[in-house]
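For reference, final19.cif (mmCIF, C-alpha atoms and all ligand atoms):
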```
data_protein
#
loop_
_atom_site.label_atom_id
_atom_site.label_comp_id
_atom_site.auth_asym_id
_atom_site.auth_seq_id
_atom_site.Cartn_x
_atom_site.Cartn_y
_atom_site.Cartn_z
CA MET L 1 109.08 41.81 90.84
CA SER L 2 107.55 42.94 94.15
CA SER L 3 105.18 45.83 93.72
CA VAL L 4 105.55 47.60 97.07
CA VAL L 5 108.40 47.09 99.51
CA ILE L 6 108.28 48.70 102.94
CA ASP L 7 111.75 48.30 104.36
CA GLY L 8 112.44 48.97 108.05
CA VAL L 9 110.07 51.95 108.22
CA ALA L 10 109.81 53.91 111.49
CA ARG L 11 107.93 57.10 112.23
CA GLN L 12 107.80 59.18 115.37
CA PHE L 13 105.42 62.06 116.23
CA ASP L 14 106.92 64.17 119.02
CA ASN L 15 107.57 61.59 121.73
CA HIS L 16 105.14 59.05 120.33
CA ARG L 17 106.44 56.18 118.20
CA ALA L 18 103.67 55.56 115.65
CA LEU L 19 105.59 52.94 113.60
CA ASN L 20 108.52 50.85 114.66
CA ASP L 21 110.71 49.05 112.13
CA VAL L 22 107.93 47.79 109.84
CA SER L 23 108.93 45.68 106.82
CA ILE L 24 106.38 44.29 104.34
CA THR L 25 106.73 43.04 100.77
CA ILE L 26 103.57 43.25 98.64
CA GLU L 27 103.53 41.30 95.39
CA GLN L 28 102.33 42.43 91.98
CA GLY L 29 98.54 42.20 91.70
CA GLU L 30 98.07 41.39 95.36
CA PHE L 31 95.20 42.72 97.48
CA PHE L 32 96.92 43.50 100.77
CA SER L 33 95.18 44.90 103.85
CA LEU L 34 96.69 46.70 106.81
CA LEU L 35 94.46 45.75 109.73
CA GLY L 36 94.60 46.87 113.32
CA PRO L 37 92.80 48.76 116.07
CA SER L 38 92.44 52.52 116.13
CA GLY L 39 95.74 54.32 116.59
CA CYS L 40 97.96 51.34 115.64
CA GLY L 41 99.64 53.25 112.80
CA LYS L 42 97.75 52.01 109.70
CA THR L 43 97.05 55.43 108.20
CA THR L 44 100.56 56.62 109.04
CA LEU L 45 101.97 53.68 107.06
CA LEU L 46 99.61 54.24 104.11
CA ASN L 47 100.57 57.92 104.05
CA ILE L 48 104.23 56.96 104.03
CA ILE L 49 103.61 54.66 101.02
CA ALA L 50 101.70 57.50 99.30
CA GLY L 51 104.37 60.09 100.08
CA PHE L 52 102.18 62.38 102.21
CA LEU L 53 104.47 61.62 105.17
CA SER L 54 108.19 60.83 105.34
CA PRO L 55 109.55 58.02 107.49
CA ASN L 56 112.19 58.83 110.11
CA LYS L 57 113.91 55.61 109.13
CA GLY L 58 113.58 53.05 106.34
CA ARG L 59 112.63 53.05 102.66
CA VAL L 60 109.63 52.58 100.37
CA LEU L 61 110.06 50.94 96.96
CA ILE L 62 107.34 50.92 94.30
CA GLY L 63 107.90 48.71 91.26
CA GLY L 64 111.50 48.15 92.36
CA LYS L 65 112.29 51.89 92.53
CA ASP L 66 113.17 53.68 95.76
CA VAL L 67 110.49 56.41 96.05
CA THR L 68 111.22 57.46 99.64
CA ALA L 69 112.31 60.94 98.58
CA LEU L 70 109.69 61.43 95.83
CA PRO L 71 106.52 63.54 96.23
CA PRO L 72 103.14 61.73 95.92
CA TYR L 73 102.47 62.76 92.30
CA GLN L 74 105.69 61.09 91.13
CA ARG L 75 104.93 57.73 92.77
CA HIS L 76 102.37 56.27 90.31
CA ILE L 77 99.79 55.70 93.01
CA GLY L 78 96.03 56.18 93.03
CA MET L 79 94.46 56.99 96.37
CA VAL L 80 90.88 56.72 97.65
CA PHE L 81 89.90 58.27 100.98
CA GLN L 82 87.15 57.55 103.48
CA ASN L 83 85.24 60.75 102.65
CA TYR L 84 85.45 60.28 98.82
CA ALA L 85 86.80 63.87 98.45
CA LEU L 86 84.95 64.43 95.14
CA PHE L 87 84.88 68.00 93.81
CA PRO L 88 81.21 69.04 94.29
CA HIS L 89 81.20 71.58 91.41
CA LEU L 90 82.58 69.10 88.83
CA SER L 91 80.60 66.43 86.97
CA VAL L 92 81.41 62.73 87.40
CA ALA L 93 83.43 62.77 84.14
CA ASP L 94 85.36 65.91 85.17
CA ASN L 95 86.07 64.45 88.61
CA VAL L 96 87.49 61.32 86.98
CA ALA L 97 89.48 63.41 84.48
CA PHE L 98 90.98 65.64 87.19
CA GLY L 99 94.25 63.77 87.70
CA LEU L 100 94.68 63.46 83.92
CA LYS L 101 94.31 67.23 83.39
CA VAL L 102 96.90 67.90 86.10
CA ARG L 103 99.22 65.49 84.29
CA LYS L 104 98.53 67.27 80.98
CA VAL L 105 97.21 64.16 79.26
CA THR L 106 95.75 64.99 75.79
CA ARG L 107 91.97 65.53 75.50
CA ASN L 108 91.42 62.39 73.43
CA GLU L 109 93.39 60.28 75.84
CA GLN L 110 91.50 61.86 78.77
CA GLN L 111 88.19 60.86 77.18
CA ARG L 112 89.36 57.33 76.53
CA ARG L 113 90.60 56.83 80.09
CA VAL L 114 87.52 58.42 81.72
CA THR L 115 85.23 56.14 79.68
CA GLU L 116 87.36 53.12 80.56
CA ALA L 117 87.53 53.97 84.29
CA LEU L 118 83.77 54.57 84.52
CA LYS L 119 83.19 51.27 82.76
CA GLN L 120 85.44 49.49 85.27
CA VAL L 121 83.30 50.76 88.16
CA ARG L 122 80.04 50.22 86.19
CA LEU L 123 79.02 53.87 86.08
CA GLU L 124 79.09 54.38 82.28
CA GLY L 125 75.68 56.06 82.18
CA LEU L 126 76.32 58.66 84.88
CA ALA L 127 79.23 60.64 83.42
CA GLN L 128 77.34 63.94 83.32
CA ARG L 129 75.77 63.75 86.78
CA MET L 130 76.99 65.98 89.62
CA PRO L 131 78.26 64.33 92.85
CA HIS L 132 75.20 65.40 94.89
CA GLN L 133 72.99 63.46 92.43
CA LEU L 134 74.71 60.18 93.35
CA SER L 135 74.24 57.72 96.22
CA GLY L 136 77.08 57.20 98.71
CA GLY L 137 78.10 53.94 97.01
CA GLN L 138 78.10 55.61 93.57
CA GLN L 139 80.20 58.50 94.88
CA GLN L 140 82.72 56.06 96.25
CA ARG L 141 82.87 54.31 92.87
CA VAL L 142 83.59 57.65 91.20
CA ALA L 143 86.44 58.16 93.67
CA ILE L 144 87.80 54.71 92.71
CA ALA L 145 87.41 55.51 88.97
CA ARG L 146 89.30 58.78 89.51
CA ALA L 147 92.13 56.88 91.18
CA LEU L 148 92.20 54.23 88.40
CA ALA L 149 92.09 56.77 85.53
CA ILE L 150 95.71 57.78 86.05
CA GLU L 151 96.63 54.11 85.52
CA PRO L 152 98.58 53.85 88.75
CA GLN L 153 100.94 51.03 89.67
CA VAL L 154 99.34 50.78 93.09
CA LEU L 155 95.87 51.59 94.44
CA LEU L 156 95.84 52.82 98.06
CA LEU L 157 92.51 52.71 99.90
CA ASP L 158 92.07 54.38 103.29
CA GLU L 159 88.90 52.98 104.94
CA PRO L 160 87.02 53.62 101.66
CA LEU L 161 83.79 51.91 102.69
CA SER L 162 83.40 53.03 106.29
CA ASN L 163 80.87 55.79 105.49
CA LEU L 164 78.47 53.34 103.85
CA ASP L 165 75.64 51.54 105.63
CA ALA L 166 76.11 47.85 106.47
CA ARG L 167 74.30 46.39 103.43
CA LEU L 168 75.85 48.70 100.86
CA ARG L 169 79.20 48.14 102.47
CA LYS L 170 78.92 44.38 101.89
CA GLU L 171 77.87 44.96 98.27
CA MET L 172 80.77 47.35 97.71
CA GLN L 173 83.20 44.85 99.26
CA ASP L 174 82.14 42.26 96.67
CA GLU L 175 82.41 44.86 93.89
CA LEU L 176 85.79 46.09 95.06
CA ARG L 177 87.20 42.58 95.12
CA ALA L 178 85.78 41.78 91.67
CA LEU L 179 87.10 45.09 90.27
CA GLN L 180 90.56 44.54 91.74
CA GLN L 181 90.72 41.07 90.20
CA ARG L 182 89.48 42.34 86.80
CA VAL L 183 91.97 45.19 86.69
CA GLY L 184 94.72 43.16 88.40
CA ILE L 185 96.10 46.19 90.19
CA THR L 186 98.20 45.89 93.36
CA THR L 187 95.98 47.25 96.13
CA VAL L 188 96.71 48.27 99.71
CA LEU L 189 93.67 48.73 101.94
CA VAL L 190 93.65 50.25 105.42
CA THR L 191 90.82 49.02 107.62
CA HIS L 192 90.02 48.37 111.26
CA ASP L 193 87.21 45.99 110.21
CA GLN L 194 88.50 42.43 110.45
CA GLU L 195 85.63 40.96 108.45
CA GLU L 196 86.32 43.39 105.61
CA ALA L 197 90.02 42.51 105.61
CA LEU L 198 89.31 38.75 105.75
CA THR L 199 86.82 38.89 102.85
CA LEU L 200 88.82 41.13 100.53
CA SER L 201 92.46 40.30 100.98
CA ASP L 202 94.97 37.91 99.53
CA ARG L 203 97.13 38.71 102.55
CA ILE L 204 96.80 40.86 105.64
CA GLY L 205 99.38 42.63 107.78
CA ILE L 206 98.23 42.97 111.39
CA LEU L 207 99.51 46.11 113.09
CA GLY L 208 99.40 46.59 116.83
CA GLN L 209 100.96 49.54 118.66
CA GLY L 210 103.08 50.50 115.69
CA GLU L 211 104.56 47.02 115.27
CA LEU L 212 103.83 44.50 112.54
CA GLN L 213 102.46 41.55 114.51
CA GLN L 214 102.00 39.05 111.67
CA THR L 215 101.56 38.88 107.91
CA GLY L 216 99.66 36.09 106.20
CA ALA L 217 96.69 34.87 104.20
CA PRO L 218 93.37 35.31 106.03
CA ALA L 219 92.97 31.60 106.82
CA ALA L 220 96.56 31.30 108.04
CA LEU L 221 96.15 34.22 110.46
CA TYR L 222 92.95 32.70 111.74
CA ARG L 223 94.24 29.16 112.09
CA GLN L 224 97.72 29.86 113.37
CA PRO L 225 97.97 33.29 114.96
CA ALA L 226 101.53 34.21 115.94
CA ASN L 227 100.55 35.73 119.26
CA ARG L 228 97.70 36.59 121.56
CA PHE L 229 97.13 39.99 119.95
CA VAL L 230 96.49 38.41 116.53
CA ALA L 231 94.41 35.58 118.02
CA GLU L 232 92.07 38.06 119.70
CA PHE L 233 91.98 40.57 116.85
CA VAL L 234 91.27 38.12 114.02
CA GLY L 235 88.14 36.25 115.04
CA GLN L 236 87.18 35.47 118.59
CA ALA L 237 89.24 33.35 120.93
CA ASN L 238 88.72 31.36 124.12
CA LEU L 239 92.05 31.47 125.94
CA PHE L 240 93.38 28.95 128.46
CA HIS L 241 96.61 29.37 130.38
CA VAL L 242 97.86 25.86 130.99
CA SER L 243 100.60 24.02 132.78
CA ALA L 244 101.79 20.55 131.82
CA GLN L 245 101.68 17.61 134.21
CA ASN L 246 102.93 14.27 132.93
CA GLY L 247 102.08 15.11 129.35
CA ARG L 248 98.58 16.29 130.21
CA TYR L 249 97.65 19.93 130.33
CA GLN L 250 95.71 21.46 133.13
CA ALA L 251 94.14 24.87 132.79
CA ARG L 252 95.62 27.27 135.33
CA ASP L 253 92.46 29.32 135.54
CA HIS L 254 88.72 28.75 135.62
CA PHE L 255 88.56 25.66 133.45
CA VAL L 256 90.42 23.62 136.07
CA ALA L 257 87.45 23.60 138.42
CA ALA L 258 85.43 21.73 135.82
CA GLY L 259 87.86 18.87 136.45
CA ALA L 260 88.57 18.23 132.77
CA ALA L 261 92.08 18.15 131.36
CA LEU L 262 93.03 19.72 128.07
CA GLN L 263 94.30 17.43 125.39
CA LEU L 264 96.34 18.42 122.34
CA SER L 265 96.92 16.57 119.10
CA ALA L 266 100.35 15.01 118.63
CA ALA L 267 101.32 17.74 116.19
CA GLN L 268 100.98 20.50 118.76
CA PRO L 269 103.57 20.23 121.50
CA ALA L 270 103.06 22.91 124.12
CA GLY L 271 105.62 24.18 126.60
CA ALA L 272 105.36 23.53 130.31
CA SER L 273 103.43 26.76 130.51
CA SER L 274 101.47 27.78 127.43
CA LEU L 275 98.46 29.60 126.13
CA LEU L 276 95.87 27.49 124.32
CA ILE L 277 93.14 28.89 122.10
CA VAL L 278 89.85 27.38 121.02
CA ARG L 279 87.71 29.23 118.49
CA PRO L 280 84.03 29.59 119.53
CA GLU L 281 82.68 27.89 116.40
CA ARG L 282 84.84 24.82 117.10
CA VAL L 283 83.16 24.20 120.44
CA GLN L 284 80.35 21.66 120.15
CA PHE L 285 77.29 22.62 122.12
CA SER L 286 74.73 20.17 123.47
CA THR L 287 72.00 20.18 126.07
CA GLU L 288 72.13 16.33 126.23
CA PRO L 289 74.10 15.18 129.31
CA GLN L 290 77.61 14.03 128.41
CA GLN L 291 80.83 13.23 130.29
CA PHE L 292 84.25 14.37 129.17
CA ALA L 293 87.67 13.04 130.14
CA SER L 294 89.24 16.00 128.36
CA ASN L 295 88.50 19.08 126.22
CA GLY L 296 85.01 19.54 127.56
CA SER L 297 82.98 20.79 130.44
CA VAL L 298 79.52 21.11 131.78
CA ALA L 299 78.46 24.78 131.78
CA SER L 300 75.40 26.98 131.90
CA VAL L 301 74.17 29.34 129.21
CA LYS L 302 74.67 32.97 130.27
CA GLU L 303 73.98 35.08 127.18
CA VAL L 304 72.36 34.26 123.85
CA SER L 305 72.47 36.48 120.78
CA PHE L 306 71.04 35.58 117.43
CA ALA L 307 73.44 36.29 114.54
CA GLY L 308 71.53 34.80 111.58
CA ALA L 309 73.37 31.66 110.49
CA THR L 310 74.91 31.20 113.94
CA LEU L 311 74.09 31.83 117.57
CA ARG L 312 76.59 33.65 119.75
CA LEU L 313 76.51 32.18 123.23
CA VAL L 314 78.44 33.03 126.35
CA CYS L 315 78.50 30.06 128.72
CA GLN L 316 79.53 30.07 132.36
CA LEU L 317 82.02 27.43 133.51
CA PRO L 318 81.62 25.93 136.98
CA GLY L 319 84.93 27.50 138.08
CA GLY L 320 83.64 30.98 137.30
CA GLY L 321 85.18 31.58 133.88
CA GLU L 322 83.30 32.09 130.65
CA ILE L 323 83.58 30.42 127.28
CA ARG L 324 82.25 31.70 123.95
CA VAL L 325 80.44 29.27 121.69
CA GLN L 326 79.09 29.86 118.19
CA PRO L 327 76.94 26.94 117.07
CA ALA L 328 75.00 26.91 113.79
CA GLU L 329 71.45 28.14 114.18
CA ALA L 330 70.21 25.17 112.12
CA HIS L 331 71.15 22.78 114.97
CA PHE L 332 68.29 23.99 117.17
CA SER L 333 64.58 23.32 116.95
CA GLN L 334 64.32 25.33 120.17
CA LEU L 335 66.93 28.01 120.88
CA PRO L 336 68.91 27.76 124.12
CA ALA L 337 68.05 30.29 126.84
CA PRO L 338 70.02 31.84 129.71
CA GLY L 339 70.19 29.43 132.65
CA ASP L 340 70.06 26.25 130.50
CA ARG L 341 72.53 23.58 131.50
CA CYS L 342 74.82 22.67 128.60
CA TYR L 343 77.71 20.39 127.68
CA LEU L 344 80.66 21.76 125.70
CA HIS L 345 83.30 19.78 123.91
CA TRP L 346 85.97 20.19 121.21
CA GLN L 347 88.49 18.09 119.32
CA ALA L 348 92.17 18.02 120.27
CA ALA L 349 93.01 19.09 116.71
CA ASP L 350 90.99 22.29 117.20
CA VAL L 351 93.25 23.57 119.95
CA ILE L 352 95.70 26.27 118.82
CA VAL L 353 98.92 26.41 120.81
CA LEU L 354 100.75 29.72 121.03
CA PRO L 355 104.51 29.76 121.36
CA ALA L 356 105.63 29.67 125.00
CA GLN L 357 106.92 33.26 124.99
CA GLU L 358 103.44 34.45 124.02
CA SER L 359 101.74 32.72 126.90
CA VAL L 360 102.54 35.12 129.73
P1 LIG L 401 92.54 54.98 113.03
O1 LIG L 401 92.02 53.63 112.68
O2 LIG L 401 91.91 55.53 114.29
O3 LIG L 401 92.57 55.95 111.90
P2 LIG L 401 95.36 54.39 112.66
O4 LIG L 401 95.77 52.99 112.96
O5 LIG L 401 95.21 54.78 111.24
O6 LIG L 401 94.08 54.77 113.51
P3 LIG L 401 97.32 56.49 112.78
O7 LIG L 401 96.43 57.58 112.28
O8 LIG L 401 98.35 55.98 111.86
O9 LIG L 401 96.48 55.30 113.38
O10 LIG L 401 98.04 57.03 114.11
C1 LIG L 401 99.02 56.26 114.82
C2 LIG L 401 99.42 57.03 116.08
O11 LIG L 401 100.14 58.20 115.72
C3 LIG L 401 98.24 57.51 116.92
O12 LIG L 401 98.57 57.36 118.27
C4 LIG L 401 98.09 58.95 116.52
O13 LIG L 401 97.55 59.70 117.59
C5 LIG L 401 99.51 59.37 116.22
N1 LIG L 401 99.56 60.40 115.15
C6 LIG L 401 99.14 60.28 113.88
N2 LIG L 401 99.35 61.40 113.18
C7 LIG L 401 99.91 62.29 114.04
C8 LIG L 401 100.37 63.64 113.93
N3 LIG L 401 100.30 64.32 112.77
N4 LIG L 401 100.89 64.22 115.04
C9 LIG L 401 100.98 63.56 116.21
N5 LIG L 401 100.56 62.28 116.38
C10 LIG L 401 100.05 61.64 115.32
#
```
structure tokens encoding of this file:
Amino acid sequence: MSSVVIDGVARQFDNHRALNDVSITIEQGEFFSLLGPSGCGKTTLLNIIAGFLSPNKGRVLIGGKDVTALPPYQRHIGMVFQNYALFPHLSVADNVAFGLKVRKVTRNEQQRRVTEALKQVRLEGLAQRMPHQLSGGQQQRVAIARALAIEPQVLLLDEPLSNLDARLRKEMQDELRALQQRVGITTVLVTHDQEEALTLSDRIGILGQGELQQTGAPAALYRQPANRFVAEFVGQANLFHVSAQNGRYQARDHFVAAGAALQLSAAQPAGASSLLIVRPERVQFSTEPQQFASNGSVASVKEVSFAGATLRLVCQLPGGGEIRVQPAEAHFSQLPAPGDRCYLHWQAADVIVLPAQESV
């Protein structure tokens, strides 16, 4: 049975439509992320699942039951917020027990569940500490333990890691994923951080301007984005508007001046006018002179940034356009520098073709 069903949900604030006819089915035990830029409606949707907000249209089902009219405390959800929202005057154990006391769970059962929840987040030894005696990461784990202690059907996470510094955030992402798999609980995460969503999720729903743009596994969204919005939001994208001439594609913009045609693999028919995408890490970079009949160009290096395992380069095409390239750092004994002449090339199979209606 599906764990969470969002069925035709719409929500308006005054004259502003925050969500428009959104439908998503989340399976039992799935880690599902709602990803999108600021203001796209992620938090509104999470609050509708939690019951803090009502939809103007549509329904929410949890565990097969229509909960649209139920208040949050009757929905069997655990929620973790960005700011942890721990009670500062209560110990770790009392924070975790809070939801159990409200639900009038017996003292013995409270103790059992608090111990279990603290064990799940690996904080067994800190039950008697006060929140101010914990690090940010530990506080967030207490917030997760508090949400798990009520044994919810669904765990809802609203940007839970965004207050942590970059290194701790990465550590907590790994922990969160491991915890979710251990406990096996259906989890819905709201984030605007694409890397976080890609690392953590079984599937992701991309929201843009209140509309669900695409739902899919991380690799599927990356490899076959449904539209330009998804292509540019999940990973980086070099875009080429093309027109077809006798089965060959000619870029309509800057690439054309380089004189090279674009070639597609047989499996990717494009319309007469289409949008083609090449991911930066699929572009092969060389400073050795080469000639290309298709899918390549001479260029010059414009910007170089060092990103650890890869370099992020912006290269200038002869026609005036730019192309992003992300070669592995290990390829270079000497790093490229702005002004260097370079030769860029990619395989026909690495070209993503967007449906014709998305190309305008
Ligand atoms: P962020 O990542 O910045 O938190 P978000 O994707 O979570 O953004 P929401 O908080 O869901 O976005 O807001 C969606 C839209 O609805 C925004 O344009 C926001 O200004 C508007 N909105 C949200 N809550 C209200 C409200 N209570 N009253 C009026 N407008 C609202």
| said: Would you compute the distance between atom CA of Ser2 of chain L and atom CA of Gly29 of chain L? Give it in Å to one decimal. | reply: 9.4 Å
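Neighbouring residues of Ile323 of chain L at 8 Å or closer, counting all atoms listed in the file and skipping chain neighbours under 6 positions away, are Asn238, Pro280, Val314, Cys315, Gln316 and Leu317 of chain L.
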| field | Residue among L:Val325, L:Val114, L:Leu264, L:Ala299 lying closest to Gln284 of chain L, counting all atoms listed in the file | value |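 Distance minimum relative to Gln284 of chain L lands on L:Val325.
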| request: Residues up to 8 Å from ligand LIG 401 (chain L), counting all atoms listed in the file: could you list those as a PyMOL selection string? | output: chain L and resi 12-14+16-19+36-45+190-192+207+209-210
Please dump the current selection as a compact mmCIF listing (two decimals), in the frame of the given file; keep C-alpha atoms.
```
# COMPACT_ATOMS: atom_id res chain seq x y z
CA GLN L 12 107.80 59.18 115.37
CA PHE L 13 105.42 62.06 116.23
CA ASP L 14 106.92 64.17 119.02
CA HIS L 16 105.14 59.05 120.33
CA ARG L 17 106.44 56.18 118.20
CA ALA L 18 103.67 55.56 115.65
CA LEU L 19 105.59 52.94 113.60
CA GLY L 36 94.60 46.87 113.32
CA PRO L 37 92.80 48.76 116.07
CA SER L 38 92.44 52.52 116.13
CA GLY L 39 95.74 54.32 116.59
CA CYS L 40 97.96 51.34 115.64
CA GLY L 41 99.64 53.25 112.80
CA LYS L 42 97.75 52.01 109.70
CA THR L 43 97.05 55.43 108.20
CA THR L 44 100.56 56.62 109.04
CA LEU L 45 101.97 53.68 107.06
CA VAL L 190 93.65 50.25 105.42
CA THR L 191 90.82 49.02 107.62
CA HIS L 192 90.02 48.37 111.26
CA LEU L 207 99.51 46.11 113.09
CA GLN L 209 100.96 49.54 118.66
CA GLY L 210 103.08 50.50 115.69
```
| said: Can you pull out the residues contacting Gln263 of chain L? Cut-off 8 Å, using all atoms listed in the file, and skip same-chain residues under 4 positions away; I want them as a VMD selection string. | reply: chain L and resid 248 to 249 294 to 295 348
| task | Return the single residue from L:Ile49, L:Ala349, L:Leu344, L:Ala261 that is closest to Val67 of chain L, with distances computed using only C-alpha atoms. | result |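 Among the listed residues, the smallest separation from Val67 of chain L belongs to L:Ile49.
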| said: With only C-alpha atoms as the counted atoms, please give the residues lying no more than 12 Å from Glu30 of chain L, apart from itself and same-chain residues fewer than 3 positions off, as a VMD selection string. | reply: chain L and resid 1 to 4 25 to 27 33 153 to 156 177 180 to 181 183 to 189 200 to 204 217
| So, counting only C-alpha atoms, which residue among L:Ser91, L:Asn108, L:Gln334, L:Ser300 is closest to His132 of chain L? | L:Ser91
Taking all atoms of segment 10-15 of chain L that appear in the file, build a box with edges along x, y and z, extend it by 8 Å on every side, and state its centre and edge lengths in Å to one decimal, as lines of an AutoDock Vina configuration file.
```
center_x = 107.6
center_y = 59.0
center_z = 116.6
size_x = 20.4
size_y = 26.3
size_z = 26.2
```
